$ cat query_17.txt   # compact mmCIF, C-alpha atoms (C1' of nucleotides)
# COMPACT_ATOMS: atom_id res chain seq x y z
CA MET A 684 126.64 190.56 201.68
CA SER A 685 126.83 194.06 202.97
CA LYS A 686 128.96 195.04 200.07
CA LYS A 687 127.21 197.11 197.49
CA GLY A 688 129.61 195.92 194.87
CA SER A 689 131.31 198.58 192.78
CA PHE A 690 130.78 196.25 189.86
CA THR A 691 127.07 197.06 189.82
CA LYS A 692 127.64 200.78 189.65
CA ARG A 693 130.34 200.30 187.06
CA VAL A 694 128.01 198.27 184.87
CA LEU A 695 125.23 200.84 185.10
CA GLN A 696 127.71 203.59 184.33
CA GLU A 697 128.85 201.80 181.19
CA VAL A 698 125.31 201.08 180.05
CA VAL A 699 124.42 204.76 180.37
CA LYS A 700 127.34 205.61 178.12
CA ILE A 701 125.93 203.54 175.28
CA PRO A 702 125.30 205.86 172.31
CA LEU A 703 122.01 206.09 170.47
CA GLY A 704 121.36 203.27 168.03
CA TYR A 705 124.27 201.30 169.37
CA THR A 706 123.87 197.88 170.97
CA VAL A 707 126.33 196.27 173.34
CA THR A 708 126.61 192.69 174.47
CA TYR A 709 126.43 191.60 178.07
CA LYS A 710 129.98 190.40 177.84
CA GLU A 711 131.15 193.78 176.60
CA ILE A 712 129.49 195.51 179.51
CA ALA A 713 130.93 193.02 181.94
CA ALA A 714 134.38 193.48 180.44
CA ARG A 715 134.10 197.26 180.64
CA ALA A 716 132.96 196.92 184.23
CA GLY A 717 136.08 194.92 185.00
CA ASN A 718 134.73 191.37 185.08
CA PRO A 719 134.41 189.74 181.65
CA LYS A 720 132.89 186.66 183.23
CA ALA A 721 130.09 188.53 184.94
CA ALA A 722 127.86 188.70 181.89
CA ARG A 723 125.08 186.97 183.81
CA ALA A 724 125.41 189.34 186.68
CA VAL A 725 124.99 192.22 184.24
CA GLY A 726 121.59 190.96 183.17
CA ASN A 727 120.68 190.34 186.76
CA ILE A 728 121.75 193.85 187.73
CA LEU A 729 119.79 195.46 184.93
CA LYS A 730 116.79 193.44 185.97
CA HIS A 731 116.94 194.53 189.59
CA ASN A 732 118.62 197.89 189.20
CA ARG A 733 116.94 200.85 190.84
CA TRP A 734 117.93 203.19 188.05
CA VAL A 735 115.95 201.38 185.38
CA PHE A 736 114.51 204.69 184.20
CA PHE A 737 117.94 206.14 183.64
CA ILE A 738 119.52 203.12 182.07
CA PRO A 739 118.85 201.96 178.48
CA CYS A 740 118.69 198.28 179.28
CA HIS A 741 117.27 197.67 175.81
CA ARG A 742 120.67 198.43 174.27
CA VAL A 743 122.20 195.45 175.98
CA ILE A 744 121.89 192.16 174.07
CA LYS A 745 123.43 188.72 173.97
CA SER A 746 126.78 188.11 172.30
CA SER A 747 124.95 185.84 169.85
CA GLY A 748 123.23 188.93 168.48
CA ASP A 749 119.91 187.72 169.80
CA ILE A 750 117.72 189.57 172.28
CA GLY A 751 118.45 188.22 175.71
CA GLY A 752 115.54 189.58 177.66
CA TYR A 753 113.98 192.71 178.99
CA ALA A 754 112.33 193.62 182.27
CA LEU A 755 109.70 195.62 180.38
CA GLY A 756 109.18 192.97 177.70
CA LYS A 757 111.43 191.46 175.06
CA LYS A 758 109.11 192.59 172.30
CA LEU A 759 109.38 196.20 173.44
CA LYS A 760 113.13 195.81 173.62
CA ARG A 761 113.32 194.72 169.99
CA GLU A 762 111.10 197.58 168.91
CA LEU A 763 113.23 200.08 170.81
CA ILE A 764 116.43 198.79 169.25
CA ILE A 765 114.98 198.98 165.75
CA PHE A 766 113.60 202.43 166.49
CA GLU A 767 116.93 203.75 167.70
CA GLN A 768 118.73 202.21 164.77
CA LYS A 769 116.28 203.96 162.50
CA ILE A 770 117.02 207.28 164.19
CA LYS A 771 120.71 206.66 163.80
CA ASN A 772 120.24 205.93 160.12
CA MET A 773 118.19 209.11 159.74
CA LEU A 774 120.86 211.23 161.35
CA LYS A 775 123.35 209.56 159.11
C1' DT B 178 122.84 188.08 209.71
C1' DG B 179 124.18 184.26 206.98
C1' DG B 180 123.71 180.72 203.57
C1' DT B 181 121.46 179.04 199.28
C1' DT B 182 119.38 179.54 194.71
C1' DC B 183 118.24 181.77 190.45
C1' DG B 184 118.90 184.64 186.36
C1' DA B 185 117.86 188.99 180.68
C1' DT B 186 124.84 184.59 179.74
C1' DT B 187 129.05 182.84 178.00
C1' DT B 188 132.16 179.46 176.60
C1' DG B 189 134.13 174.90 175.92
C1' DA B 190 133.74 169.87 174.52
C1' DT C 1397 123.64 170.19 171.93
C1' DC C 1398 124.69 169.95 176.92
C1' DA C 1399 126.99 171.24 181.09
C1' DA C 1400 129.97 174.03 183.95
C1' DA C 1401 131.56 178.51 185.41
C1' DT C 1402 130.91 182.84 187.48
C1' DC C 1403 128.80 187.52 189.67
C1' DG C 1404 125.18 190.03 191.83
C1' DA C 1405 120.77 190.17 194.14
C1' DA C 1406 116.55 188.05 196.11
C1' DC C 1407 114.69 184.61 199.28
C1' DC C 1408 114.34 181.94 203.54
C1' DA C 1409 115.45 180.61 208.39

$ encode --input "query_17.txt" --output "structure tokens"
Amino acid sequence: MSKKGSFTKRVLQEVVKIPLGYTVTYKEIAARAGNPKAARAVGNILKHNRWVFFIPCHRVIKSSGDIGGYALGKKLKRELIIFEQKIKNMLK
DNA sequence: TGGTTCGATTTGA
DNA sequence: TCAAATCGAACCA
């Protein structure tokens, strides 16, 4: 229990690397972190992470393409994703 | 400190 | 559609 778990840090690191207007699935993050089966843990980490202000949790969604959830509100998450996709389209 | 339960999930039958 | 698996963190004694 005393272990901090490098997996947590790894997950956060990967989430931060997510480009603008790009969404990643929990499984993808888990896989990048080293544990493809830790998709649930990813959501749990994002929910209780202490770097929530530095991590775009709204870019992480379910593999089904649906919005999993969001600590600040699922509705806000959807809006943010659409907004970022819009920006991406504009830059494009 | 140690053990148990839950969660923003995923996958298989 | 339902249930099991699996990882991290919170909760309780």

$ closest_residue --input "query_17.txt" --among "A:His741, A:Lys720, A:Arg733, A:Arg715" --to "C:DA1405" --atoms "all atoms listed in the file"
A:Arg733

$ residues_around --input "query_17.txt" --residues "A:Glu767" --least-positions-apart "2" --cutoff "12 Å" --atoms "all atoms listed in the file" --output "number ranges by chain"
A: 701-706, 739, 741-742, 760-765, 769-774

$ interface_residues --input "query_17.txt" --of "chain C" --to "chain A" --cutoff "12 Å" --atoms "all atoms listed in the file" --output "list of chain:residue names"
C:DA1401, C:DT1402, C:DC1403, C:DG1404, C:DA1405, C:DA1406

$ write_last_selection --input "query_17.txt" --atoms "C-alpha atoms (C1' of nucleotides)" --output "PDB file, in the frame of the given file"
ATOM      1  C1'  DA C1401     131.560 178.510 185.410  1.00  0.00           C
ATOM      2  C1'  DT C1402     130.910 182.840 187.480  1.00  0.00           C
ATOM      3  C1'  DC C1403     128.800 187.520 189.670  1.00  0.00           C
ATOM      4  C1'  DG C1404     125.180 190.030 191.830  1.00  0.00           C
ATOM      5  C1'  DA C1405     120.770 190.170 194.140  1.00  0.00           C
ATOM      6  C1'  DA C1406     116.550 188.050 196.110  1.00  0.00           C
TER       7       DA C1406
END

$ residues_near_point --input "query_17.txt" --point "(122.1, 187.4, 209.4)" --cutoff "10 Å" --atoms "all atoms listed in the file" --output "list in words"
Met684 of chain A; DT178, DG179 and DG180 of chain B; DA1409 of chain C

$ closest_atom_pairs --input "query_17.txt" --of "chain B" --to "chain A" --cutoff "9 Å" --atoms "all atoms listed in the file" --output "CSV"
residue,atom,partner,partner_atom,distance
B:DG179,C1',A:Met684,CA,8.6
B:DG184,C1',A:Asn727,CA,6.0
B:DA185,C1',A:Gly752,CA,3.9
B:DT186,C1',A:Arg723,CA,4.7
B:DT187,C1',A:Ala722,CA,7.1

$ atom_distance --input "query_17.txt" --atom1 "atom CA of A:Gln696" --atom2 "atom C1' of B:DT181"
29.4 Å

$ closest_residue --input "query_17.txt" --among "A:Lys700, A:Ile738, A:Phe766, A:Arg693" --to "A:Ala716" --atoms "only C-alpha atoms"
A:Arg693

$ atom_distance --input "query_17.txt" --atom1 "atom CA of A:Val694" --atom2 "atom C1' of B:DG189"
25.8 Å

$ atom_distance --input "query_17.txt" --atom1 "atom CA of A:Lys692" --atom2 "atom CA of A:Val707"
17.0 Å

$ axis_aligned_box --input "query_17.txt" --around "chain B" --padding-each-side "4 Å" --output "JSON"
{"center_x": 126.0, "center_y": 179.4, "center_z": 192.1, "size_x": 24.3, "size_y": 27.1, "size_z": 43.2}

$ decode --input "query_17.txt" --residues "chain C" --atoms "all heavy atoms" --output "short mmCIF file (atom, residue, chain, number, x, y, z; two decimals), in the first residue's frame"
data_model
loop_
_atom_site.label_atom_id
_atom_site.label_comp_id
_atom_site.auth_asym_id
_atom_site.auth_seq_id
_atom_site.Cartn_x
_atom_site.Cartn_y
_atom_site.Cartn_z
P DT C 1397 -28.95 -4.62 -24.67
OP1 DT C 1397 -30.22 -3.98 -24.68
OP2 DT C 1397 -27.67 -4.04 -24.75
"O5'" DT C 1397 -28.89 -5.80 -23.59
"C5'" DT C 1397 -29.89 -6.81 -23.55
"C4'" DT C 1397 -29.51 -7.84 -22.48
"O4'" DT C 1397 -28.43 -8.68 -23.00
"C3'" DT C 1397 -29.00 -7.21 -21.19
"O3'" DT C 1397 -29.47 -7.94 -20.07
"C2'" DT C 1397 -27.50 -7.32 -21.30
"C1'" DT C 1397 -27.30 -8.56 -22.15
N1 DT C 1397 -26.10 -8.46 -23.02
C2 DT C 1397 -25.15 -9.46 -22.94
O2 DT C 1397 -25.24 -10.41 -22.19
N3 DT C 1397 -24.08 -9.29 -23.78
C4 DT C 1397 -23.87 -8.28 -24.67
O4 DT C 1397 -22.85 -8.25 -25.36
C5 DT C 1397 -24.91 -7.27 -24.71
C7 DT C 1397 -24.78 -6.11 -25.64
C6 DT C 1397 -25.96 -7.41 -23.90
P DC C 1398 -29.01 -7.36 -18.62
OP1 DC C 1398 -30.19 -7.50 -17.75
OP2 DC C 1398 -28.36 -6.05 -18.77
"O5'" DC C 1398 -27.93 -8.43 -18.13
"C5'" DC C 1398 -28.18 -9.83 -18.35
"C4'" DC C 1398 -27.05 -10.66 -17.72
"O4'" DC C 1398 -25.93 -10.72 -18.63
"C3'" DC C 1398 -26.51 -10.11 -16.40
"O3'" DC C 1398 -26.26 -11.19 -15.51
"C2'" DC C 1398 -25.24 -9.38 -16.80
"C1'" DC C 1398 -24.77 -10.17 -18.01
N1 DC C 1398 -24.07 -9.35 -19.04
C2 DC C 1398 -22.91 -9.85 -19.61
O2 DC C 1398 -22.47 -10.95 -19.25
N3 DC C 1398 -22.27 -9.12 -20.54
C4 DC C 1398 -22.77 -7.94 -20.92
N4 DC C 1398 -22.11 -7.26 -21.87
C5 DC C 1398 -23.96 -7.41 -20.36
C6 DC C 1398 -24.58 -8.14 -19.43
P DA C 1399 -25.66 -10.86 -14.04
OP1 DA C 1399 -26.35 -11.72 -13.08
OP2 DA C 1399 -25.62 -9.40 -13.83
"O5'" DA C 1399 -24.16 -11.39 -14.22
"C5'" DA C 1399 -23.93 -12.66 -14.83
"C4'" DA C 1399 -22.44 -12.96 -14.88
"O4'" DA C 1399 -21.83 -12.17 -15.92
"C3'" DA C 1399 -21.70 -12.60 -13.57
"O3'" DA C 1399 -20.78 -13.63 -13.25
"C2'" DA C 1399 -21.01 -11.29 -13.88
"C1'" DA C 1399 -20.78 -11.37 -15.38
N9 DA C 1399 -20.82 -10.07 -16.05
C8 DA C 1399 -21.71 -9.04 -15.87
N7 DA C 1399 -21.49 -8.00 -16.63
C5 DA C 1399 -20.38 -8.36 -17.37
C6 DA C 1399 -19.64 -7.71 -18.37
N6 DA C 1399 -19.91 -6.48 -18.81
N1 DA C 1399 -18.59 -8.37 -18.90
C2 DA C 1399 -18.31 -9.59 -18.47
N3 DA C 1399 -18.92 -10.31 -17.54
C4 DA C 1399 -19.96 -9.64 -17.03
P DA C 1400 -19.88 -13.46 -11.95
OP1 DA C 1400 -19.97 -14.74 -11.20
OP2 DA C 1400 -20.19 -12.20 -11.27
"O5'" DA C 1400 -18.42 -13.36 -12.58
"C5'" DA C 1400 -18.03 -14.28 -13.60
"C4'" DA C 1400 -16.66 -13.91 -14.16
"O4'" DA C 1400 -16.77 -12.72 -14.95
"C3'" DA C 1400 -15.61 -13.64 -13.08
"O3'" DA C 1400 -14.37 -14.22 -13.47
"C2'" DA C 1400 -15.53 -12.13 -13.02
"C1'" DA C 1400 -15.89 -11.72 -14.45
N9 DA C 1400 -16.56 -10.42 -14.54
C8 DA C 1400 -17.62 -9.97 -13.80
N7 DA C 1400 -18.01 -8.76 -14.11
C5 DA C 1400 -17.16 -8.39 -15.13
C6 DA C 1400 -17.04 -7.22 -15.91
N6 DA C 1400 -17.83 -6.17 -15.76
N1 DA C 1400 -16.08 -7.19 -16.84
C2 DA C 1400 -15.28 -8.25 -16.99
N3 DA C 1400 -15.28 -9.40 -16.33
C4 DA C 1400 -16.26 -9.41 -15.41
P DA C 1401 -13.13 -14.04 -12.51
OP1 DA C 1401 -12.36 -15.30 -12.54
OP2 DA C 1401 -13.59 -13.49 -11.22
"O5'" DA C 1401 -12.28 -12.93 -13.27
"C5'" DA C 1401 -12.06 -13.06 -14.68
"C4'" DA C 1401 -11.14 -11.94 -15.17
"O4'" DA C 1401 -11.89 -10.74 -15.34
"C3'" DA C 1401 -10.00 -11.62 -14.20
"O3'" DA C 1401 -8.82 -11.32 -14.94
"C2'" DA C 1401 -10.51 -10.39 -13.47
"C1'" DA C 1401 -11.34 -9.69 -14.54
N9 DA C 1401 -12.46 -8.92 -14.01
C8 DA C 1401 -13.32 -9.24 -13.00
N7 DA C 1401 -14.23 -8.32 -12.76
C5 DA C 1401 -13.93 -7.32 -13.67
C6 DA C 1401 -14.52 -6.08 -13.94
N6 DA C 1401 -15.57 -5.61 -13.29
N1 DA C 1401 -13.97 -5.33 -14.91
C2 DA C 1401 -12.92 -5.80 -15.58
N3 DA C 1401 -12.28 -6.95 -15.42
C4 DA C 1401 -12.85 -7.67 -14.44
P DT C 1402 -7.47 -11.41 -14.21
OP1 DT C 1402 -6.54 -12.06 -15.14
OP2 DT C 1402 -7.68 -11.93 -12.85
"O5'" DT C 1402 -7.10 -9.87 -14.11
"C5'" DT C 1402 -7.22 -9.05 -15.26
"C4'" DT C 1402 -7.03 -7.60 -14.86
"O4'" DT C 1402 -8.27 -7.04 -14.43
"C3'" DT C 1402 -6.03 -7.43 -13.71
"O3'" DT C 1402 -5.11 -6.37 -13.99
"C2'" DT C 1402 -6.88 -7.06 -12.53
"C1'" DT C 1402 -8.08 -6.40 -13.17
N1 DT C 1402 -9.34 -6.52 -12.39
C2 DT C 1402 -10.34 -5.58 -12.62
O2 DT C 1402 -10.22 -4.69 -13.42
N3 DT C 1402 -11.45 -5.74 -11.86
C4 DT C 1402 -11.67 -6.71 -10.92
O4 DT C 1402 -12.72 -6.74 -10.31
C5 DT C 1402 -10.60 -7.67 -10.74
C7 DT C 1402 -10.74 -8.78 -9.75
C6 DT C 1402 -9.50 -7.53 -11.48
P DC C 1403 -3.79 -6.26 -13.15
OP1 DC C 1403 -2.66 -6.39 -14.06
OP2 DC C 1403 -3.90 -7.15 -11.99
"O5'" DC C 1403 -3.82 -4.76 -12.61
"C5'" DC C 1403 -3.73 -3.69 -13.55
"C4'" DC C 1403 -3.96 -2.37 -12.87
"O4'" DC C 1403 -5.33 -2.23 -12.53
"C3'" DC C 1403 -3.16 -2.21 -11.57
"O3'" DC C 1403 -2.54 -0.93 -11.54
"C2'" DC C 1403 -4.20 -2.35 -10.48
"C1'" DC C 1403 -5.47 -1.88 -11.16
N1 DC C 1403 -6.72 -2.49 -10.66
C2 DC C 1403 -7.85 -1.68 -10.54
O2 DC C 1403 -7.78 -0.50 -10.83
N3 DC C 1403 -8.99 -2.23 -10.08
C4 DC C 1403 -9.03 -3.53 -9.78
N4 DC C 1403 -10.19 -4.02 -9.34
C5 DC C 1403 -7.90 -4.37 -9.90
C6 DC C 1403 -6.77 -3.81 -10.35
P DG C 1404 -1.56 -0.59 -10.37
OP1 DG C 1404 -0.30 -0.09 -10.93
OP2 DG C 1404 -1.53 -1.70 -9.40
"O5'" DG C 1404 -2.35 0.63 -9.73
"C5'" DG C 1404 -2.71 1.74 -10.56
"C4'" DG C 1404 -3.66 2.66 -9.84
"O4'" DG C 1404 -4.92 2.01 -9.61
"C3'" DG C 1404 -3.14 3.09 -8.47
"O3'" DG C 1404 -3.32 4.48 -8.30
"C2'" DG C 1404 -3.96 2.30 -7.48
"C1'" DG C 1404 -5.26 2.04 -8.22
N9 DG C 1404 -5.89 0.77 -7.87
C8 DG C 1404 -5.32 -0.47 -7.83
N7 DG C 1404 -6.14 -1.42 -7.47
C5 DG C 1404 -7.34 -0.75 -7.27
C6 DG C 1404 -8.60 -1.25 -6.87
O6 DG C 1404 -8.92 -2.40 -6.60
N1 DG C 1404 -9.55 -0.24 -6.78
C2 DG C 1404 -9.30 1.09 -7.05
N2 DG C 1404 -10.33 1.92 -6.91
N3 DG C 1404 -8.12 1.57 -7.43
C4 DG C 1404 -7.20 0.60 -7.52
P DA C 1405 -2.68 5.17 -7.01
OP1 DA C 1405 -2.03 6.40 -7.41
OP2 DA C 1405 -1.93 4.14 -6.25
"O5'" DA C 1405 -3.99 5.55 -6.17
"C5'" DA C 1405 -5.04 6.27 -6.81
"C4'" DA C 1405 -6.26 6.35 -5.91
"O4'" DA C 1405 -6.88 5.06 -5.79
"C3'" DA C 1405 -5.93 6.81 -4.49
"O3'" DA C 1405 -6.93 7.73 -4.05
"C2'" DA C 1405 -5.99 5.54 -3.68
"C1'" DA C 1405 -7.04 4.72 -4.42
N9 DA C 1405 -6.87 3.27 -4.27
C8 DA C 1405 -5.72 2.55 -4.39
N7 DA C 1405 -5.88 1.26 -4.20
C5 DA C 1405 -7.24 1.14 -3.94
C6 DA C 1405 -8.05 0.04 -3.65
N6 DA C 1405 -7.61 -1.21 -3.57
N1 DA C 1405 -9.36 0.27 -3.43
C2 DA C 1405 -9.82 1.51 -3.50
N3 DA C 1405 -9.16 2.64 -3.77
C4 DA C 1405 -7.86 2.37 -3.98
P DA C 1406 -6.79 8.42 -2.61
OP1 DA C 1406 -6.75 9.88 -2.77
OP2 DA C 1406 -5.72 7.72 -1.86
"O5'" DA C 1406 -8.20 8.04 -1.94
"C5'" DA C 1406 -9.41 8.24 -2.66
"C4'" DA C 1406 -10.58 7.58 -1.95
"O4'" DA C 1406 -10.42 6.15 -1.95
"C3'" DA C 1406 -10.70 8.00 -0.48
"O3'" DA C 1406 -12.07 8.11 -0.12
"C2'" DA C 1406 -10.02 6.87 0.27
"C1'" DA C 1406 -10.33 5.66 -0.61
N9 DA C 1406 -9.29 4.64 -0.57
C8 DA C 1406 -7.94 4.79 -0.75
N7 DA C 1406 -7.26 3.68 -0.65
C5 DA C 1406 -8.22 2.72 -0.40
C6 DA C 1406 -8.16 1.33 -0.19
N6 DA C 1406 -7.03 0.64 -0.21
N1 DA C 1406 -9.31 0.68 0.04
C2 DA C 1406 -10.45 1.37 0.06
N3 DA C 1406 -10.65 2.68 -0.12
C4 DA C 1406 -9.48 3.30 -0.35
P DC C 1407 -12.42 8.63 1.34
OP1 DC C 1407 -13.61 9.47 1.23
OP2 DC C 1407 -11.18 9.18 1.96
"O5'" DC C 1407 -12.80 7.27 2.08
"C5'" DC C 1407 -13.72 6.36 1.47
"C4'" DC C 1407 -14.06 5.22 2.42
"O4'" DC C 1407 -13.06 4.18 2.30
"C3'" DC C 1407 -14.08 5.63 3.89
"O3'" DC C 1407 -15.18 5.01 4.55
"C2'" DC C 1407 -12.77 5.11 4.44
"C1'" DC C 1407 -12.49 3.90 3.57
N1 DC C 1407 -11.04 3.63 3.37
C2 DC C 1407 -10.58 2.32 3.53
O2 DC C 1407 -11.37 1.43 3.82
N3 DC C 1407 -9.27 2.07 3.36
C4 DC C 1407 -8.43 3.05 3.03
N4 DC C 1407 -7.13 2.75 2.85
C5 DC C 1407 -8.88 4.38 2.86
C6 DC C 1407 -10.18 4.62 3.03
P DC C 1408 -15.47 5.42 6.08
OP1 DC C 1408 -16.92 5.59 6.24
OP2 DC C 1408 -14.55 6.52 6.47
"O5'" DC C 1408 -15.01 4.09 6.85
"C5'" DC C 1408 -15.54 2.83 6.42
"C4'" DC C 1408 -14.96 1.71 7.29
"O4'" DC C 1408 -13.60 1.45 6.89
"C3'" DC C 1408 -14.93 2.04 8.79
"O3'" DC C 1408 -15.33 0.92 9.54
"C2'" DC C 1408 -13.48 2.38 9.05
"C1'" DC C 1408 -12.74 1.55 8.02
N1 DC C 1408 -11.46 2.12 7.56
C2 DC C 1408 -10.37 1.27 7.38
O2 DC C 1408 -10.51 0.05 7.61
N3 DC C 1408 -9.19 1.77 6.96
C4 DC C 1408 -9.08 3.08 6.73
N4 DC C 1408 -7.89 3.53 6.31
C5 DC C 1408 -10.17 3.97 6.91
C6 DC C 1408 -11.34 3.45 7.32
P DA C 1409 -15.50 1.14 11.14
OP1 DA C 1409 -16.80 0.58 11.54
OP2 DA C 1409 -15.14 2.53 11.50
"O5'" DA C 1409 -14.35 0.18 11.70
"C5'" DA C 1409 -14.25 -1.16 11.21
"C4'" DA C 1409 -13.06 -1.87 11.85
"O4'" DA C 1409 -11.84 -1.46 11.21
"C3'" DA C 1409 -12.90 -1.56 13.34
"O3'" DA C 1409 -12.49 -2.71 14.07
"C2'" DA C 1409 -11.80 -0.51 13.38
"C1'" DA C 1409 -10.95 -0.89 12.18
N9 DA C 1409 -10.26 0.23 11.56
C8 DA C 1409 -10.74 1.51 11.36
N7 DA C 1409 -9.88 2.30 10.78
C5 DA C 1409 -8.77 1.51 10.57
C6 DA C 1409 -7.53 1.74 9.98
N6 DA C 1409 -7.16 2.90 9.47
N1 DA C 1409 -6.64 0.71 9.94
C2 DA C 1409 -7.00 -0.46 10.44
N3 DA C 1409 -8.14 -0.81 11.02
C4 DA C 1409 -9.01 0.23 11.04
#
